[in-house]
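> Below you will find the structure I want to go over with you.
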Amino acid sequence: MPREAFVNGRYVPHNQGAVHIEDRGYQFADGVYEVVTIFDGALIDEGPHLDRLERSLKALCMDMPMSRPAIKLVARELIRRNGVTNGIIYMQVTRGVAPRDHKFPNDARPALVMTTRQTKPQSAKLLAEGAKVISVPDIRWTRCDIKSISLLPNILAKQEAAEAGAYEAWQVDREGMVTEGSSTNAWIVTGDGKVVTRAASNAILSGITRRTLIKLIQAEGYELEERAFSLEEAKVAREAFITSSSSYVLPVTQIDDATVGNGHPGLLSGKLRQHYSDYMASAGDPI
């Protein structure tokens with residue numbers, strides 16, 4: 001089935017989707033995006049993703065390109081046209097097309113692009129062995145809470161991880177504290193069983209999967225601490241894992257050259273992944 005995209009009000013063949021060369025997303029990375037998981041024919045946490053989209057747009061003094069009901073309608077139609085049952089839908093909003101000038105244009109209209117992609121399940125080998133992460137300096141700006149399309153530092157970190165044979169890169173601030181991964185949130189489990197992740201602030205993107213997992217942790221009665229943790233604390237933790245809309249809950253078994261725990265995915269990490277899988281199976285928004 002040929003793929004389609006939604007570009008500024010029109011469904012078009014994916015390979016013909018295009019925006020103007022003076023779109024401010026292309027010129028200045030002046031825009032934001034969201035990625036929503038499609039699982040078993042349902043959208044996972046669609047509402048919170050759209051809430052975050054609105055918040056990111058507001059932080060950049062931009063309007064929603066269309067109403068929320070209209071965005072939801074377009075998303076479902078695009079998913080239907082592309083026949084996606086397990087995958088993602090990508091939404092990107094930029095400030096629009098205007099002659100190149102740093103200050104905001106007076107009359108540009110927000111531009112909206114949506115695409116979908118079918119994805120494969122994570123490999124059994126990765127789940128059985130756990131992921132390797134490396135550490136890199138966090139060189140990003142101070143508004144990481146905005147889901148901006150300006151991702152060059154994240155790209156460099158992800159590439160460094162790939163070249164090191166790792167799944168992810170954990171970014172470390174000047175105080176030696178882990179902020180988050182290049183495209184994931186970072187977690188550890190302490191020796192006494194506490195689940196720890198950095199508190200939401202401008203220093204991290206508060207992942208939607210992160211927020212959902214916090215609710216599940218609290219509902220299941222596990223002890224949670226939202227605080228910064230150091231790279232050294234992570235290396236001696238009982239367990240570690242990452243979360244994102246595409247990784248779900250993925251155990252980490254190696255950080256740089258340090259083995260996490262006994263070198264195998266941790267028991268609590270596995271339980272949390274199962275809790276999240278059960279959540280996805282029961283709480284999705286129908287397409």
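Here, A, B, ... name the chains of the structure tokens in the order displayed, residue numbers run from 1 inside each chain, and ligands are numbered from 1 in the same displayed order.
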Could you name the residues that touch Ser56 in chain A at 12 Å or less, counting only C-alpha atoms, but leaving out those on the same chain fewer than 6 positions away, as an MDAnalysis selection string?
chainID A and resid 30:34 49:50 62:64 92:94 143:149 202 205:206
> If you run DSSP on this backbone, which residues of range 20-260 of chain A come out as alpha helix (DSSP H), and could you give them as a PyMOL selection string?
chain A and resi 24-28+46-59+68-82+124-129+152-163+208-220+231-235
> Residues of range 35-267 of chain A in strand (DSSP E or B) according to DSSP, as an MDAnalysis selection string?
chainID A and resid 35:39 42:43 87:94 97 111:118 131:137 148 168:172 177:181 185:189 195:197 224:226 230 239:244 248:255 258:259
> Just want the 10 Å neighbourhood of Arg238 in chain A, counted on only C-alpha atoms, with same-chain residues fewer than 4 positions away dropped. Output as a PyMOL selection string.
chain A and resi 188-194+233-234+253+260-263+266-268
> Can you write out the residues you just picked, keeping N, CA and C atoms, as a short mmCIF file (atom, residue, chain, number, x, y, z; two decimals), in the first residue's frame?

data_model
loop_
_atom_site.label_atom_id
_atom_site.label_comp_id
_atom_site.auth_asym_id
_atom_site.auth_seq_id
_atom_site.Cartn_x
_atom_site.Cartn_y
_atom_site.Cartn_z
N ILE A 188 16.87 4.68 37.38
CA ILE A 188 17.65 3.66 38.07
C ILE A 188 16.79 3.07 39.19
N VAL A 189 17.22 1.91 39.67
CA VAL A 189 16.64 1.30 40.87
C VAL A 189 17.77 1.18 41.88
N THR A 190 17.61 1.77 43.05
CA THR A 190 18.66 1.78 44.06
C THR A 190 18.78 0.42 44.74
N GLY A 191 19.83 0.27 45.55
CA GLY A 191 20.05 -0.99 46.25
C GLY A 191 18.92 -1.38 47.17
N ASP A 192 18.21 -0.38 47.72
CA ASP A 192 17.08 -0.70 48.60
C ASP A 192 15.73 -0.67 47.88
N GLY A 193 15.77 -0.73 46.53
CA GLY A 193 14.55 -0.94 45.77
C GLY A 193 13.77 0.30 45.38
N LYS A 194 14.32 1.49 45.60
CA LYS A 194 13.62 2.72 45.20
C LYS A 194 13.82 2.96 43.69
N GLU A 233 26.32 7.11 40.59
CA GLU A 233 25.26 6.37 41.28
C GLU A 233 24.60 5.40 40.33
N ALA A 234 24.40 5.81 39.08
CA ALA A 234 23.77 4.93 38.11
C ALA A 234 24.61 3.68 37.85
N THR A 253 21.66 -2.62 30.93
CA THR A 253 22.57 -3.53 31.64
C THR A 253 24.02 -3.10 31.59
N VAL A 260 25.71 -3.01 34.97
CA VAL A 260 24.66 -2.65 35.91
C VAL A 260 24.13 -3.91 36.57
N GLY A 261 24.12 -3.91 37.90
CA GLY A 261 23.63 -5.08 38.63
C GLY A 261 24.43 -6.33 38.29
N ASN A 262 23.73 -7.40 37.96
CA ASN A 262 24.41 -8.65 37.60
C ASN A 262 24.60 -8.80 36.10
N GLY A 263 24.35 -7.73 35.36
CA GLY A 263 24.56 -7.77 33.91
C GLY A 263 23.38 -8.30 33.13
N GLY A 266 16.95 -6.36 35.08
CA GLY A 266 16.52 -6.50 36.46
C GLY A 266 15.08 -6.96 36.61
N LEU A 267 14.80 -7.54 37.75
CA LEU A 267 13.46 -8.07 38.04
C LEU A 267 12.42 -6.95 38.06
N LEU A 268 12.73 -5.84 38.73
CA LEU A 268 11.76 -4.77 38.82
C LEU A 268 11.56 -4.09 37.47
#
> So what do you get for CA of Arg95 in chain A versus CA of Asp107 in chain A, distance-wise?
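Distance reported for this atom pair: 10.0 Å.
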> Determine the nearest neighbour of Thr179 in chain A from the options A:Val195, A:Ala18, A:Leu231, A:Ala166, counting only C-alpha atoms.
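That would be A:Leu231, the residue with the smallest distance to Thr179 in chain A.
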> For a test of reading the model, state the distance in Å between CA of Leu213 in chain A and CA of Pro153 in chain A, rounded to one decimal.
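Distance between the two atoms: 26.2 Å.
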> Excluding range 240-252 of chain A and residues on its chain fewer than 4 positions from it, collect all residues at most 8 Å away from it, counting only C-alpha atoms, and give them as an MDAnalysis selection string.
chainID A and resid 35:37 122 127 130:133 181 183:189 207:210 234 260 265:266 269:270 272:273 276
> Take the residues just selected and output them with C-alpha atoms as a JSON list (two decimals), in the first residue's frame.

[["chain", "number", "residue", "atom", "x", "y", "z"],
["A", 35, "VAL", "CA", 5.21, 11.24, 18.34],
["A", 36, "VAL", "CA", 2.25, 9.12, 19.42],
["A", 37, "THR", "CA", 2.46, 5.34, 19.66],
["A", 122, "GLN", "CA", 11.85, -4.77, 19.82],
["A", 127, "LEU", "CA", 15.01, -7.51, 25.69],
["A", 130, "GLY", "CA", 19.27, -5.33, 28.00],
["A", 131, "ALA", "CA", 20.55, -2.14, 26.43],
["A", 132, "LYS", "CA", 23.98, -0.55, 26.60],
["A", 133, "VAL", "CA", 24.21, 3.21, 27.12],
["A", 181, "GLY", "CA", 18.88, 10.13, 27.11],
["A", 183, "SER", "CA", 15.55, 10.39, 22.97],
["A", 184, "THR", "CA", 14.54, 8.71, 26.24],
["A", 185, "ASN", "CA", 14.13, 9.35, 29.96],
["A", 186, "ALA", "CA", 16.64, 7.74, 32.33],
["A", 187, "TRP", "CA", 15.83, 5.68, 35.43],
["A", 188, "ILE", "CA", 17.65, 3.66, 38.07],
["A", 189, "VAL", "CA", 16.64, 1.30, 40.87],
["A", 207, "GLY", "CA", 8.18, 12.08, 28.53],
["A", 208, "ILE", "CA", 4.59, 10.94, 28.25],
["A", 209, "THR", "CA", 5.69, 7.34, 28.84],
["A", 210, "ARG", "CA", 7.60, 8.63, 31.87],
["A", 234, "ALA", "CA", 23.77, 4.93, 38.11],
["A", 260, "VAL", "CA", 24.66, -2.65, 35.91],
["A", 265, "PRO", "CA", 17.75, -7.16, 32.94],
["A", 266, "GLY", "CA", 16.52, -6.50, 36.46],
["A", 269, "SER", "CA", 12.50, -3.37, 35.37],
["A", 270, "GLY", "CA", 10.82, -6.43, 33.90],
["A", 272, "LEU", "CA", 7.46, -2.34, 35.14],
["A", 273, "ARG", "CA", 7.70, -3.21, 31.47],
["A", 276, "TYR", "CA", 3.27, -0.72, 30.95]]
> Restricting the calculation to only C-alpha atoms: of A:Trp141, A:Phe39, A:Tyr90, A:Phe28, which residue gets closest to Ile287 in chain A?
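Of all the options, A:Phe39 lies closest to Ile287 in chain A.
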> So the first atom is CA of Arg227 in chain A and the second is CA of Lys271 in chain A; what is the distance between them in Å, to one decimal place?
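Interatomic distance, CA of Arg227 in chain A to CA of Lys271 in chain A: 21.7 Å.
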> I need the residue nearest Pro69 in chain A from this list: A:Ile139, A:Glu46, A:Ile155, A:Leu57. Use only C-alpha atoms for the distance.
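Looking only at the distances to Pro69 in chain A, the closest residue turns out to be A:Glu46.
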> At a cut-off of 8 Å, using only C-alpha atoms, what residues contact Ala98 in chain A? Leave out same-chain residues fewer than 6 positions from it and give the result as a PDB file with C-alpha atoms, in the first residue's frame.

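Final output, result.pdb:
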ATOM      1  CA  GLU A  22      11.333  29.344   3.457  1.00  0.00           C
ATOM      2  CA  ASP A  23       9.326  27.364   5.988  1.00  0.00           C
ATOM      3  CA  ARG A  24      10.757  28.491   9.309  1.00  0.00           C
ATOM      4  CA  PRO A 105       6.711  37.194  10.948  1.00  0.00           C
ATOM      5  CA  ALA A 108       2.751  33.496   8.717  1.00  0.00           C
TER       6      ALA A 108
END
> Of the residues A:Leu126, A:Ala157, A:Tyr26, A:Asn8, which is the one nearest to Met91 in chain A, using only C-alpha atoms?
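Among the listed residues, the smallest separation from Met91 in chain A belongs to A:Asn8.
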